[in-house]
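K.L.:
Got a structure here, written out as structure tokens. Questions coming.
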Amino acid sequence: MGVTKPIGAHRALRTGLGRWMRVKESLLGLVQESQYVRKPTAQEQSMFIGERSRYLVVYPFTKSTEWYLMGRDARQGVMNEHMRIGHDYPQVRQLLANSFGLDDMDFLIAYETDDLDAFSRLVRDLRGSESRRSTVRDTPILTAVHRPLMEITNLLGAGQP
């Protein structure tokens, strides 16, 4: 599997896939530097390099007002625990996008992994951490099997994009 260039939903729908699909969720975010990470690890920034993993999980969430009113040092402490837990699962890569003012959520995290069991354990461990207290909403969680667009169109008999 090589690197695949992401395409917009409009291009995918115009391949003929639109006959079998409808847009149910549309999530928007900007990839920016995190205020909590001094130097991102490859695990945190590797979504756009190398081979794609089998599974993609998009996890949107919103934080509480209390979270934003906490002092920066208090938030940093909570996030340090959160990141430590994430680093215990190196087989799960992630990319954080900020959605402030662009969408209904505050953040979107895209995860890639070949191991859904590890991903499920990661989520369970994160939900048992201090950061969970400030999560207001974290659904819908969208899980997909990665397939190149050409493969999908061929499977459906939709032709070339």
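Chains: A, B, ... in order of the structure tokens. Residues: from 1 per chain. Ligands: from 1, in order shown.
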Set the distance at 9 Å and use only C-alpha atoms: which residues neighbour region 64-68 of chain A once local chain neighbours fewer than 2 positions away are removed? I'd like the list as a list in words.

P.N.:
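Listed by chain and then number, they are Thr62, Met70, Gly71, Arg72, Arg75, Ser131, Arg133, Ser134, Thr135, Val136 and Arg137 of chain A.
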
K.L.:
Report as a PyMOL selection string: the residues of chain A with a DSSP assignment of helix (DSSP H, G or I), based on the backbone of this structure.

P.N.:
chain A and resi 9-14+17-19+42-45+65-69+72-87+116-127+130-134+149-156

K.L.:
Using DSSP on the backbone coordinates, identify the residues of region 50-155 of chain A assigned to strand (DSSP E); present them as a PyMOL selection string.

P.N.:
chain A and resi 55-63+92-98+107-113+135-137+142-145

K.L.:
Write out as an NGL selection string which residues come within 12 Å of Asp117 (chain A) when counting only C-alpha atoms, dropping same-chain ones fewer than 5 positions away.

P.N.:
:A and (55 or 89 or 91-92 or 122-124)

K.L.:
Could you please determine the separation between CA of Asp138 (chain A) and CA of Lys63 (chain A) in Å, to one decimal place?

P.N.:
9.0 Å

K.L.:
Separation of CA of Leu126 (chain A) and CA of Asn80 (chain A), in Å?

P.N.:
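Rounded to one decimal, the two atoms are 11.8 Å apart.
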
K.L.:
Can you tell me, as a PyMOL selection string, what residues are no more than 10 Å from Gly29 (chain A) when counting only C-alpha atoms, ignoring any on the same chain fewer than 3 positions away?

P.N.:
chain A and resi 32+60+96-103+105-109

K.L.:
Would you mind reading off the distance between CA of Arg127 (chain A) and CA of Gly50 (chain A), one decimal, in Å?

P.N.:
29.3 Å

K.L.:
Rank A:Gln35, A:Met150, A:Thr113, A:Arg22 by their smallest atom-to-atom distance to Asp73 (chain A), using only C-alpha atoms, and report the top residue only.

P.N.:
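Nearest candidate to Asp73 (chain A) out of A:Gln35, A:Met150, A:Thr113, A:Arg22: A:Gln35.
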